[in-house]
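What's in final-v8.cif: mmCIF, C-alpha atoms and all ligand atoms
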```cif
data_input
loop_
_atom_site.label_atom_id
_atom_site.label_comp_id
_atom_site.auth_asym_id
_atom_site.auth_seq_id
_atom_site.Cartn_x
_atom_site.Cartn_y
_atom_site.Cartn_z
CA MET A 1 61.14 -105.20 16.16
CA ASN A 2 60.82 -101.51 15.38
CA HIS A 3 58.58 -100.39 18.25
CA TYR A 4 58.03 -101.33 21.88
CA VAL A 5 54.22 -101.34 21.98
CA SER A 6 52.90 -104.64 23.36
CA HIS A 7 49.19 -104.01 22.77
CA LEU A 8 46.31 -101.57 23.16
CA GLU A 9 44.06 -101.93 26.19
CA ALA A 10 40.49 -100.74 26.75
CA ALA A 11 40.54 -98.44 29.79
CA ILE A 12 37.06 -99.39 30.97
CA ASP A 13 37.45 -103.18 31.11
CA GLY A 14 41.01 -104.14 30.19
CA THR A 15 40.11 -105.79 26.87
CA VAL A 16 43.28 -106.40 24.86
CA LEU A 17 43.20 -104.87 21.38
CA PRO A 18 45.69 -105.18 18.53
CA PHE A 19 48.25 -102.48 17.72
CA GLY A 20 49.03 -101.41 14.14
CA GLN A 21 45.54 -100.63 12.85
CA LEU A 22 43.25 -97.64 13.30
CA ALA A 23 41.51 -97.52 16.67
CA ASN A 24 39.10 -95.08 18.25
CA MET A 25 37.32 -96.22 21.44
CA HIS A 26 36.18 -99.46 23.03
CA ASN A 27 32.67 -99.51 24.53
CA ALA A 28 32.57 -95.73 24.02
CA ARG A 29 35.58 -95.29 26.34
CA PRO A 30 39.29 -94.54 25.74
CA ILE A 31 42.11 -96.94 24.92
CA TRP A 32 45.54 -97.16 26.59
CA VAL A 33 48.79 -97.92 24.76
CA ARG A 34 50.87 -100.53 26.63
CA TYR A 35 54.60 -101.11 26.16
CA HIS A 36 57.16 -103.86 26.70
CA LEU A 37 58.76 -101.85 29.52
CA ASP A 38 61.13 -104.71 30.36
CA GLN A 39 62.57 -104.45 26.85
CA ILE A 40 62.75 -100.64 26.95
CA LYS A 41 64.70 -100.94 30.19
CA THR A 42 67.49 -102.83 28.44
CA ALA A 43 67.28 -100.80 25.19
CA VAL A 44 67.87 -97.30 26.57
CA THR A 45 69.01 -95.45 29.70
CA PRO A 46 68.27 -91.96 31.07
CA ALA A 47 71.91 -91.06 30.39
CA GLN A 48 71.47 -91.88 26.70
CA ILE A 49 68.26 -89.88 26.54
CA ALA A 50 70.08 -86.89 28.04
CA THR A 51 72.32 -86.73 24.95
CA ARG A 52 69.42 -86.56 22.49
CA ALA A 53 67.90 -83.52 20.75
CA PRO A 54 65.56 -81.39 22.92
CA SER A 55 62.20 -82.47 21.53
CA LEU A 56 59.58 -84.86 22.85
CA TRP A 57 60.87 -87.45 20.37
CA ARG A 58 63.85 -87.99 22.68
CA TYR A 59 61.56 -90.48 24.50
CA ARG A 60 61.17 -92.41 21.29
CA GLU A 61 61.12 -95.87 22.88
CA LEU A 62 58.19 -94.77 25.08
CA LEU A 63 56.18 -93.53 22.09
CA PRO A 64 54.12 -95.66 19.71
CA LEU A 65 55.51 -94.53 16.35
CA PRO A 66 57.81 -97.22 14.89
CA LEU A 67 61.45 -96.21 15.18
CA ASP A 68 62.01 -96.26 11.42
CA GLU A 69 59.08 -93.90 10.71
CA ALA A 70 59.82 -90.17 10.50
CA PRO A 71 57.55 -88.26 12.92
CA VAL A 72 55.42 -85.33 11.82
CA THR A 73 57.15 -82.63 13.83
CA LEU A 74 57.44 -78.88 14.30
CA GLY A 75 60.19 -79.25 16.92
CA GLU A 76 57.77 -79.64 19.86
CA GLY A 77 58.79 -80.53 23.39
CA MET A 78 61.43 -79.90 26.05
CA THR A 79 59.73 -76.76 27.27
CA PRO A 80 61.51 -74.97 30.13
CA LEU A 81 60.80 -75.69 33.77
CA LEU A 82 61.14 -72.21 35.26
CA HIS A 83 61.82 -71.56 38.94
CA CYS A 84 59.54 -68.66 39.91
CA ALA A 85 61.21 -67.11 42.94
CA ARG A 86 59.38 -63.77 42.86
CA LEU A 87 55.89 -65.17 42.47
CA GLY A 88 56.80 -67.92 44.93
CA THR A 89 57.78 -65.36 47.56
CA GLN A 90 54.49 -63.50 47.05
CA LEU A 91 52.62 -66.75 47.59
CA GLY A 92 54.83 -67.98 50.45
CA LEU A 93 56.45 -70.83 48.50
CA SER A 94 60.20 -71.42 48.28
CA GLN A 95 60.04 -73.91 45.41
CA LEU A 96 57.46 -72.81 42.86
CA PHE A 97 58.08 -73.91 39.27
CA VAL A 98 56.16 -73.26 36.08
CA LYS A 99 56.47 -75.72 33.20
CA ASP A 100 55.98 -73.31 30.33
CA GLU A 101 54.02 -74.95 27.57
CA SER A 102 53.13 -71.60 26.02
CA GLN A 103 56.39 -71.81 24.06
CA LEU A 104 55.28 -74.81 22.01
CA PRO A 105 54.26 -74.67 18.31
CA THR A 106 50.82 -72.99 17.98
CA GLY A 107 51.20 -71.63 21.51
CA SER A 108 49.75 -74.45 23.57
CA PHE A 109 50.52 -77.93 24.84
CA LYS A 110 47.99 -79.31 22.35
CA SER A 111 50.90 -79.60 19.90
CA ARG A 112 52.32 -82.51 21.92
CA GLY A 113 49.23 -84.61 21.45
CA MET A 114 48.80 -83.67 17.82
CA ALA A 115 52.44 -84.44 16.96
CA ALA A 116 51.89 -87.99 18.20
CA ALA A 117 48.33 -88.47 16.90
CA VAL A 118 48.97 -87.03 13.43
CA SER A 119 52.22 -88.99 13.11
CA MET A 120 50.34 -92.20 13.94
CA ALA A 121 47.37 -91.36 11.69
CA LYS A 122 49.72 -90.71 8.78
CA TRP A 123 51.59 -93.95 9.42
CA LEU A 124 48.29 -95.86 9.49
CA GLY A 125 47.26 -94.45 6.11
CA VAL A 126 44.77 -91.75 7.15
CA LYS A 127 44.26 -88.96 4.56
CA ARG A 128 41.61 -86.86 6.30
CA VAL A 129 41.13 -86.01 9.99
CA ALA A 130 38.39 -84.18 11.90
CA LEU A 131 37.91 -83.00 15.45
CA PRO A 132 35.83 -80.81 17.73
CA THR A 133 37.76 -78.19 19.70
CA ALA A 134 37.32 -75.77 22.56
CA GLY A 135 40.06 -73.70 20.89
CA ASN A 136 43.70 -74.74 20.89
CA ALA A 137 43.32 -78.33 19.71
CA GLY A 138 41.88 -77.11 16.41
CA GLY A 139 44.84 -74.85 15.69
CA ALA A 140 47.34 -77.55 16.62
CA ALA A 141 45.56 -80.21 14.56
CA ALA A 142 45.41 -77.85 11.57
CA ALA A 143 49.14 -77.11 11.82
CA TYR A 144 50.22 -80.74 12.16
CA ALA A 145 47.82 -81.85 9.43
CA ALA A 146 49.38 -79.21 7.16
CA ARG A 147 52.84 -80.48 8.08
CA ALA A 148 51.76 -84.04 7.29
CA GLY A 149 49.88 -83.17 4.10
CA LEU A 150 46.53 -84.36 5.51
CA GLU A 151 43.15 -82.75 5.10
CA CYS A 152 41.68 -81.41 8.36
CA PHE A 153 38.13 -80.48 9.41
CA VAL A 154 37.64 -78.50 12.63
CA PHE A 155 34.37 -77.80 14.47
CA MET A 156 34.31 -75.24 17.28
CA PRO A 157 31.72 -73.43 19.41
CA HIS A 158 30.63 -70.14 17.79
CA ASP A 159 32.18 -68.12 20.62
CA THR A 160 35.62 -69.78 20.54
CA PRO A 161 38.43 -67.18 20.96
CA VAL A 162 38.99 -65.36 17.66
CA VAL A 163 42.66 -66.30 17.49
CA ASN A 164 41.67 -69.99 17.54
CA GLN A 165 39.16 -69.38 14.77
CA PHE A 166 41.78 -67.60 12.73
CA GLU A 167 44.62 -70.06 13.24
CA ALA A 168 42.64 -73.13 12.17
CA GLN A 169 41.95 -71.42 8.84
CA LEU A 170 45.46 -70.01 8.61
CA TYR A 171 46.90 -73.53 8.67
CA GLY A 172 44.52 -74.60 5.95
CA ALA A 173 41.87 -76.54 7.87
CA LYS A 174 38.22 -76.47 6.87
CA ALA A 175 36.95 -74.85 10.04
CA PHE A 176 33.35 -74.28 11.16
CA ARG A 177 31.64 -72.40 14.01
CA VAL A 178 28.79 -74.32 15.62
CA ASN A 179 25.99 -72.84 17.74
CA GLY A 180 26.70 -75.23 20.62
CA LEU A 181 29.45 -76.50 22.91
CA ILE A 182 32.36 -78.85 22.25
CA ASN A 183 30.21 -81.95 22.83
CA ASP A 184 27.80 -80.73 20.12
CA CYS A 185 30.79 -80.29 17.80
CA GLY A 186 31.92 -83.79 18.75
CA LYS A 187 28.60 -85.20 17.61
CA ILE A 188 29.07 -83.68 14.15
CA VAL A 189 32.48 -85.34 13.89
CA LYS A 190 31.02 -88.68 14.97
CA ASP A 191 28.03 -88.44 12.65
CA GLY A 192 30.23 -87.50 9.68
CA ALA A 193 32.72 -90.35 10.02
CA GLU A 194 31.10 -92.61 7.45
CA ARG A 195 29.92 -90.03 4.95
CA MET A 196 33.12 -87.94 5.04
CA GLY A 197 35.58 -90.79 5.60
CA TRP A 198 37.54 -88.84 8.18
CA PHE A 199 39.43 -90.16 11.15
CA ASP A 200 38.16 -88.83 14.50
CA LEU A 201 40.98 -87.07 16.38
CA SER A 202 38.79 -86.00 19.36
CA THR A 203 40.38 -85.90 22.82
CA LEU A 204 40.76 -89.46 24.13
CA LYS A 205 38.74 -90.89 21.24
CA GLU A 206 41.94 -92.16 19.65
CA PRO A 207 44.85 -93.54 21.74
CA TYR A 208 47.79 -91.40 20.66
CA ARG A 209 47.15 -87.79 21.69
CA LEU A 210 47.44 -89.15 25.24
CA GLU A 211 50.88 -90.58 24.44
CA GLY A 212 52.03 -87.19 23.17
CA LYS A 213 50.74 -85.47 26.31
CA LYS A 214 52.48 -88.08 28.41
CA THR A 215 55.78 -86.49 27.44
CA MET A 216 54.99 -83.57 29.80
CA GLY A 217 55.43 -86.02 32.65
CA LEU A 218 58.57 -87.56 31.14
CA GLU A 219 60.17 -84.13 30.64
CA LEU A 220 59.21 -82.98 34.11
CA ALA A 221 60.86 -86.07 35.61
CA GLU A 222 64.02 -85.63 33.55
CA GLN A 223 64.22 -81.89 34.31
CA MET A 224 63.91 -82.63 38.05
CA GLN A 225 66.71 -85.23 37.86
CA TRP A 226 64.14 -88.06 37.96
CA GLU A 227 62.77 -86.99 41.34
CA LEU A 228 59.11 -85.98 40.99
CA PRO A 229 57.72 -82.84 42.67
CA ASP A 230 55.39 -82.91 45.68
CA VAL A 231 52.37 -81.40 43.99
CA ILE A 232 51.25 -80.57 40.45
CA PHE A 233 48.57 -78.03 39.50
CA TYR A 234 47.04 -78.79 36.15
CA PRO A 235 44.14 -77.02 34.37
CA THR A 236 41.80 -79.80 33.36
CA GLY A 237 39.37 -79.95 30.43
CA GLY A 238 39.21 -83.24 28.53
CA GLY A 239 41.89 -84.61 30.82
CA THR A 240 44.63 -85.84 28.48
CA GLY A 241 47.31 -83.83 30.25
CA LEU A 242 46.49 -85.10 33.71
CA ILE A 243 45.94 -88.71 32.64
CA GLY A 244 48.99 -88.67 30.38
CA MET A 245 51.29 -87.42 33.13
CA TRP A 246 50.04 -90.03 35.55
CA LYS A 247 50.69 -92.71 32.94
CA ALA A 248 54.20 -91.33 32.41
CA PHE A 249 54.98 -91.54 36.12
CA ALA A 250 53.74 -95.15 36.30
CA GLU A 251 55.86 -96.15 33.30
CA LEU A 252 58.95 -94.44 34.72
CA LYS A 253 58.47 -96.18 38.04
CA GLU A 254 58.21 -99.53 36.30
CA LEU A 255 61.38 -98.73 34.35
CA GLY A 256 63.12 -98.02 37.66
CA TRP A 257 64.22 -94.55 36.47
CA LEU A 258 62.67 -92.56 39.34
CA ARG A 259 64.55 -91.49 42.45
CA GLY A 260 62.39 -91.31 45.57
CA GLY A 261 59.26 -93.41 45.75
CA GLU A 262 56.47 -90.87 46.03
CA PHE A 263 54.27 -89.69 43.18
CA PRO A 264 53.07 -86.06 43.26
CA ARG A 265 49.59 -85.09 44.41
CA LEU A 266 47.63 -84.10 41.31
CA ILE A 267 45.46 -81.02 41.70
CA SER A 268 43.00 -80.90 38.85
CA CYS A 269 41.91 -77.28 38.43
CA GLN A 270 38.70 -76.28 36.67
CA ALA A 271 36.82 -72.98 36.36
CA GLU A 272 33.73 -72.69 38.53
CA GLY A 273 31.62 -72.09 35.37
CA CYS A 274 32.51 -75.58 34.10
CA ALA A 275 33.63 -77.98 36.82
CA PRO A 276 32.24 -81.47 36.13
CA ILE A 277 35.30 -83.26 37.51
CA VAL A 278 35.29 -81.18 40.69
CA ARG A 279 31.63 -82.03 41.21
CA ALA A 280 32.20 -85.76 40.71
CA PHE A 281 35.29 -85.71 42.93
CA GLU A 282 33.40 -84.02 45.75
CA LYS A 283 30.51 -86.47 45.44
CA GLY A 284 32.91 -89.42 45.56
CA GLU A 285 31.87 -90.59 42.11
CA ARG A 286 33.97 -92.22 39.40
CA PHE A 287 31.96 -90.86 36.45
CA ALA A 288 30.99 -87.20 35.98
CA ASP A 289 27.59 -85.88 34.94
CA LEU A 290 27.32 -83.37 32.11
CA PHE A 291 27.89 -79.89 33.59
CA PRO A 292 24.93 -77.72 32.61
CA ASN A 293 25.29 -74.24 31.04
CA ALA A 294 29.08 -74.47 30.87
CA HIS A 295 30.68 -71.05 30.52
CA THR A 296 34.16 -69.72 31.24
CA VAL A 297 36.65 -67.40 29.60
CA ALA A 298 39.21 -70.19 30.17
CA SER A 299 38.02 -71.76 26.94
CA GLY A 300 40.28 -74.83 27.17
CA LEU A 301 38.38 -75.82 30.32
CA ARG A 302 34.94 -75.55 28.74
CA VAL A 303 34.44 -79.29 28.44
CA PRO A 304 31.09 -80.17 30.08
CA VAL A 305 31.43 -83.92 29.58
CA ALA A 306 34.56 -86.05 29.09
CA VAL A 307 34.91 -89.69 27.96
CA GLY A 308 38.01 -90.00 30.18
CA ASP A 309 36.28 -88.77 33.36
CA PHE A 310 36.96 -91.99 35.29
CA MET A 311 40.61 -92.02 34.21
CA MET A 312 41.04 -88.48 35.60
CA LEU A 313 39.19 -89.25 38.82
CA ASP A 314 41.13 -92.49 39.34
CA ALA A 315 44.46 -90.68 38.88
CA ILE A 316 43.53 -87.75 41.13
CA ARG A 317 42.40 -90.09 43.94
CA ALA A 318 45.35 -92.47 43.58
CA SER A 319 47.69 -89.46 43.87
CA GLY A 320 46.13 -88.20 47.11
CA GLY A 321 45.31 -84.95 45.34
CA LYS A 322 41.97 -83.34 44.58
CA ALA A 323 39.89 -81.51 42.00
CA ALA A 324 39.10 -77.88 42.80
CA ALA A 325 37.46 -74.94 41.05
CA GLY A 326 38.94 -71.45 40.69
CA SER A 327 36.84 -68.29 40.44
CA GLU A 328 35.93 -66.91 37.09
CA SER A 329 36.23 -63.36 38.42
CA LYS A 330 39.92 -63.80 39.29
CA ILE A 331 41.09 -65.07 35.90
CA GLY A 332 42.05 -61.73 34.38
CA ALA A 333 43.78 -60.56 37.55
CA TRP A 334 45.79 -63.79 37.88
CA MET A 335 46.90 -63.68 34.24
CA GLN A 336 48.21 -60.18 34.90
CA ARG A 337 49.73 -60.94 38.29
CA ALA A 338 51.57 -64.12 37.29
CA SER A 339 52.69 -62.79 33.90
CA SER A 340 53.98 -59.51 35.33
CA ALA A 341 55.79 -61.21 38.22
CA GLU A 342 57.76 -63.60 36.04
CA GLY A 343 57.58 -62.61 32.37
CA ILE A 344 55.79 -65.85 31.55
CA SER A 345 52.80 -65.59 29.22
CA VAL A 346 50.11 -67.03 31.50
CA CYS A 347 46.87 -68.28 29.89
CA PRO A 348 43.41 -68.08 31.52
CA GLU A 349 43.39 -71.84 32.20
CA THR A 350 46.57 -71.52 34.26
CA ALA A 351 45.24 -68.39 35.98
CA VAL A 352 42.59 -70.72 37.42
CA CYS A 353 45.38 -72.92 38.84
CA PHE A 354 46.96 -69.97 40.64
CA ASP A 355 43.66 -69.11 42.28
CA VAL A 356 43.31 -72.71 43.50
CA LEU A 357 46.96 -72.75 44.63
CA GLU A 358 46.57 -69.55 46.66
CA ARG A 359 43.51 -70.96 48.44
CA MET A 360 45.21 -74.27 49.18
CA ILE A 361 48.23 -72.49 50.67
CA ALA A 362 45.88 -70.46 52.88
CA ALA A 363 44.15 -73.68 53.97
CA GLY A 364 47.48 -75.33 54.80
CA GLU A 365 46.99 -77.93 52.05
CA VAL A 366 50.23 -76.89 50.34
CA LYS A 367 53.27 -76.34 52.60
CA PRO A 368 55.76 -73.48 52.13
CA ASP A 369 58.74 -75.71 51.31
CA GLU A 370 56.99 -78.16 49.02
CA ARG A 371 58.10 -78.47 45.40
CA VAL A 372 55.09 -77.13 43.48
CA VAL A 373 54.79 -77.30 39.69
CA VAL A 374 52.11 -75.33 37.83
CA PHE A 375 51.60 -76.10 34.14
CA ASN A 376 51.18 -73.06 31.91
CA THR A 377 49.35 -74.83 29.12
CA GLY A 378 48.96 -71.97 26.64
CA ALA A 379 50.08 -68.51 25.59
CA ALA A 380 48.14 -65.46 26.82
CA PRO A 381 48.04 -63.59 23.47
CA LYS A 382 45.74 -66.28 22.09
CA TYR A 383 42.97 -64.95 24.37
CA LEU A 384 42.28 -61.38 23.32
CA GLU A 385 38.82 -61.63 24.87
CA ALA A 386 40.20 -62.53 28.30
CA MET A 387 42.79 -59.78 28.58
CA PRO A 388 41.97 -56.86 30.82
CA TYR A 389 44.03 -54.22 29.03
CA ALA A 390 43.49 -50.53 28.31
CA LEU A 391 46.46 -48.40 27.32
CA PRO A 392 46.37 -44.63 27.92
CA ALA A 393 46.82 -42.65 24.69
CA LEU A 394 49.59 -40.09 24.18
CA ASP A 395 49.60 -37.12 21.78
CA LYS A 396 52.92 -37.08 19.89
CA ASP A 397 52.85 -33.28 19.62
CA ARG A 398 51.99 -32.57 23.31
CA VAL A 399 53.43 -35.43 25.28
CA ASP A 400 51.82 -35.59 28.72
CA TRP A 401 54.91 -36.31 30.85
CA ASP A 402 52.86 -36.24 34.05
CA ALA A 403 50.93 -39.28 32.81
CA ILE A 404 54.21 -41.09 32.10
CA VAL A 405 55.67 -40.27 35.53
CA ARG A 406 52.46 -41.38 37.27
CA ALA A 407 52.14 -44.64 35.29
C1 LIG B 1 43.00 -78.03 26.14
C2 LIG B 1 43.55 -77.12 27.14
C3 LIG B 1 43.51 -77.42 28.51
C4 LIG B 1 42.85 -78.67 29.03
O1 LIG B 1 43.66 -79.77 28.76
P1 LIG B 1 43.16 -81.28 28.85
O2 LIG B 1 44.40 -82.06 28.69
O3 LIG B 1 42.20 -81.46 27.72
O4 LIG B 1 42.52 -81.47 30.16
C5 LIG B 1 44.14 -76.57 29.38
N1 LIG B 1 44.73 -75.43 28.96
C6 LIG B 1 44.78 -75.10 27.66
C7 LIG B 1 45.45 -73.83 27.26
C8 LIG B 1 44.20 -75.92 26.70
O5 LIG B 1 44.27 -75.59 25.41
#
```
Show how you would write the structure in this file as structure tokens.
Amino acid sequence: MNHYVSHLEAAIDGTVLPFGQLANMHNARPIWVRYHLDQIKTAVTPAQIATRAPSLWRYRELLPLPLDEAPVTLGEGMTPLLHCARLGTQLGLSQLFVKDESQLPTGSFKSRGMAAAVSMAKWLGVKRVALPTAGNAGGAAAAYAARAGLECFVFMPHDTPVVNQFEAQLYGAKAFRVNGLINDCGKIVKDGAERMGWFDLSTLKEPYRLEGKKTMGLELAEQMQWELPDVIFYPTGGGTGLIGMWKAFAELKELGWLRGGEFPRLISCQAEGCAPIVRAFEKGERFADLFPNAHTVASGLRVPVAVGDFMMLDAIRASGGKAAAGSESKIGAWMQRASSAEGISVCPETAVCFDVLERMIAAGEVKPDERVVVFNTGAAPKYLEAMPYALPALDKDRVDWDAIVRA
């Protein structure tokens, strides 16, 4: 046997589906990948994994690509887990960590999902892929499609950050701006499947982006010596990151690799201008209504409706965590404050997490000595529109030294 996948499983009703052929959704809902964890347990140990190259492919047995297939890779994974003592002190936390995903190929954690999904699509014979994007997924898909030699079509809202528009084209995708939101772009991808013969790579509409995102949870566990933190702050859009991490923790527990029994509380952070999961969480519901008039500068969070809503809400509730919204008006200030305190390039989505974190500390919902991990999912320079910058000008012939001293 050259992989450890046992089967695919419909998330909504547990229907067992075969592995090894193209799959999108089941009853319009996502599909889980299930593994023979008992066999993985005897095939590999954490000590062996520790000797492997620092990429997400070090968890090869826990990924769906057959072991004898070469992955489509740009060297993604094993991002640093940075202790943030200065920012932690400002916030009143002794153990604040940032998992810095901004250092990944194409500057966001979307590369994890695309490495897995494009590798699987290529293995299964796909020649052309398409997806809607709120921004970063399009750039990552374009890059991995280029690496794999696949054709890629990307559909994005007309007001997607300019860097995302540029990068999709830079990596050779056929990219389009649509006068609507990501769900409108998703409809174009769905409607074009037959006529264009493309494979739909939308978030959670194929099973493997989730497996790539799962590696955030595997890395976090390994970097914390297999003892999970107390609380995780994660900026949530379509939900693959949150759901993937929760899946990772469950698999690691089953493998018996975790020290300490507790799972972290998951805090799903959204921007107040687009907070469907927060709304559903607060109403005690398992499915989220479409969030009307979605708008936020944290473009990765502008997902008004998500097919994996119930998977997010189940994970958040099972963890004892919550979904909470951060203020739109604090995004620029938090990007600046967190980036300048630690030298980490903090994206607007993660700025939202810091606002939620600060409020939860004030409310006593996060304790000063708890181990807190915030995911920095993307790189700040991708968001020119969100950056509150204005540099004073200097005349080279009459340098204003007073201005420099006062700066
Ligand atoms: C896509 C994205 C998110 C949201 O991630 P999901 O896994 O879809 O919930 C958060 N931050 C950034 C920078 C993103 O690109």
Cut-off 10 Å: closest stretch 84-193 of chain A/stretch 355-364 of chain A atom pairs per residue, using only C-alpha atoms, as JSON lines:
```
{"residue": "A:Gln90", "atom": "CA", "partner": "A:Glu358", "partner_atom": "CA", "distance": 10.0}
{"residue": "A:Leu91", "atom": "CA", "partner": "A:Glu358", "partner_atom": "CA", "distance": 6.7}
{"residue": "A:Gly92", "atom": "CA", "partner": "A:Ile361", "partner_atom": "CA", "distance": 8.0}
{"residue": "A:Leu93", "atom": "CA", "partner": "A:Ile361", "partner_atom": "CA", "distance": 8.7}
```
Excluding A:Glu101 and its own-chain neighbours fewer than 5 positions away, which residues fall within 10 Å of it when counting all atoms listed in the file? Please give them as a VMD selection string. chain A and resid 76 to 81 107 to 112 216 345 to 346 375 to 379
Do you know which residues lie at most 12 Å from (55.8, -63.4, 30.2), with coordinates as in the file and only C-alpha atoms counted, and could you write them as a PyMOL selection string? chain A and resi 82+84+98+100-103+335-347+376+378-381
Which residues are near A:Val44? Cut-off 12 Å, only C-alpha atoms, ignore same chain within fewer than 5 positions. Put them as a PDB file with C-alpha atoms, in the frame of the given file.
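File produced: part22.pdb:
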```pdb
ATOM      1  CA  TYR A   4      58.030-101.330  21.880  1.00  0.00           C
ATOM      2  CA  LEU A  37      58.760-101.850  29.520  1.00  0.00           C
ATOM      3  CA  ASP A  38      61.130-104.710  30.360  1.00  0.00           C
ATOM      4  CA  GLN A  39      62.570-104.450  26.850  1.00  0.00           C
ATOM      5  CA  ILE A  49      68.260 -89.880  26.540  1.00  0.00           C
ATOM      6  CA  ALA A  50      70.080 -86.890  28.040  1.00  0.00           C
ATOM      7  CA  THR A  51      72.320 -86.730  24.950  1.00  0.00           C
ATOM      8  CA  ARG A  52      69.420 -86.560  22.490  1.00  0.00           C
ATOM      9  CA  ARG A  58      63.850 -87.990  22.680  1.00  0.00           C
ATOM     10  CA  TYR A  59      61.560 -90.480  24.500  1.00  0.00           C
ATOM     11  CA  ARG A  60      61.170 -92.410  21.290  1.00  0.00           C
ATOM     12  CA  GLU A  61      61.120 -95.870  22.880  1.00  0.00           C
ATOM     13  CA  LEU A  62      58.190 -94.770  25.080  1.00  0.00           C
ATOM     14  CA  LEU A 255      61.380 -98.730  34.350  1.00  0.00           C
ATOM     15  CA  TRP A 257      64.220 -94.550  36.470  1.00  0.00           C
TER      16      TRP A 257
END
```
Could the residues that lie within 7 Å of ligand LIG 1 (chain B), counting all atoms listed in the file, be listed as a ChimeraX atom specification? /A:108-110,135-137,203,235-242,300-301,347,349-350,377-378
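Between atom CA of A:Lys253 and atom CA of A:Gly217 lies a distance of 11.9 Å.
Atom CA of A:Ser268 is positioned 23.8 Å from atom CA of A:Ala117.
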Please supply stretch 78-94 of chain A, rebuilt with N, CA and C atoms, as an mmCIF file, in the coordinates of the input.
```
data_model
loop_
_atom_site.group_PDB
_atom_site.id
_atom_site.type_symbol
_atom_site.label_atom_id
_atom_site.label_comp_id
_atom_site.auth_asym_id
_atom_site.auth_seq_id
_atom_site.Cartn_x
_atom_site.Cartn_y
_atom_site.Cartn_z
ATOM 1 N N MET A 78 60.366 -80.424 25.202
ATOM 2 C CA MET A 78 61.430 -79.900 26.050
ATOM 3 C C MET A 78 61.232 -78.416 26.370
ATOM 4 N N THR A 79 60.029 -78.121 26.836
ATOM 5 C CA THR A 79 59.730 -76.760 27.270
ATOM 6 C C THR A 79 60.436 -76.497 28.607
ATOM 7 N N PRO A 80 60.769 -75.246 28.896
ATOM 8 C CA PRO A 80 61.510 -74.970 30.130
ATOM 9 C C PRO A 80 60.676 -75.176 31.392
ATOM 10 N N LEU A 81 61.372 -75.634 32.426
ATOM 11 C CA LEU A 81 60.800 -75.690 33.770
ATOM 12 C C LEU A 81 61.411 -74.511 34.519
ATOM 13 N N LEU A 82 60.610 -73.491 34.754
ATOM 14 C CA LEU A 82 61.140 -72.210 35.260
ATOM 15 C C LEU A 82 60.897 -72.068 36.755
ATOM 16 N N HIS A 83 61.981 -71.847 37.514
ATOM 17 C CA HIS A 83 61.820 -71.560 38.940
ATOM 18 C C HIS A 83 61.272 -70.149 39.071
ATOM 19 N N CYS A 84 60.188 -69.972 39.803
ATOM 20 C CA CYS A 84 59.540 -68.660 39.910
ATOM 21 C C CYS A 84 59.708 -68.134 41.329
ATOM 22 N N ALA A 85 60.876 -67.542 41.589
ATOM 23 C CA ALA A 85 61.210 -67.110 42.940
ATOM 24 C C ALA A 85 60.351 -65.924 43.382
ATOM 25 N N ARG A 86 60.108 -64.988 42.470
ATOM 26 C CA ARG A 86 59.380 -63.770 42.860
ATOM 27 C C ARG A 86 57.912 -64.096 43.159
ATOM 28 N N LEU A 87 57.284 -64.803 42.256
ATOM 29 C CA LEU A 87 55.890 -65.170 42.470
ATOM 30 C C LEU A 87 55.786 -66.127 43.669
ATOM 31 N N GLY A 88 56.774 -66.997 43.796
ATOM 32 C CA GLY A 88 56.800 -67.920 44.930
ATOM 33 C C GLY A 88 56.848 -67.170 46.249
ATOM 34 N N THR A 89 57.675 -66.160 46.323
ATOM 35 C CA THR A 89 57.780 -65.360 47.560
ATOM 36 C C THR A 89 56.440 -64.686 47.868
ATOM 37 N N GLN A 90 55.807 -64.138 46.830
ATOM 38 C CA GLN A 90 54.490 -63.500 47.050
ATOM 39 C C GLN A 90 53.481 -64.498 47.613
ATOM 40 N N LEU A 91 53.586 -65.734 47.168
ATOM 41 C CA LEU A 91 52.620 -66.750 47.590
ATOM 42 C C LEU A 91 53.055 -67.490 48.859
ATOM 43 N N GLY A 92 54.321 -67.265 49.280
ATOM 44 C CA GLY A 92 54.830 -67.980 50.450
ATOM 45 C C GLY A 92 55.357 -69.365 50.123
ATOM 46 N N LEU A 93 55.882 -69.532 48.900
ATOM 47 C CA LEU A 93 56.450 -70.830 48.500
ATOM 48 C C LEU A 93 57.923 -70.646 48.149
ATOM 49 N N SER A 94 58.778 -71.541 48.626
ATOM 50 C CA SER A 94 60.200 -71.420 48.280
ATOM 51 C C SER A 94 60.540 -72.153 46.990
#
```
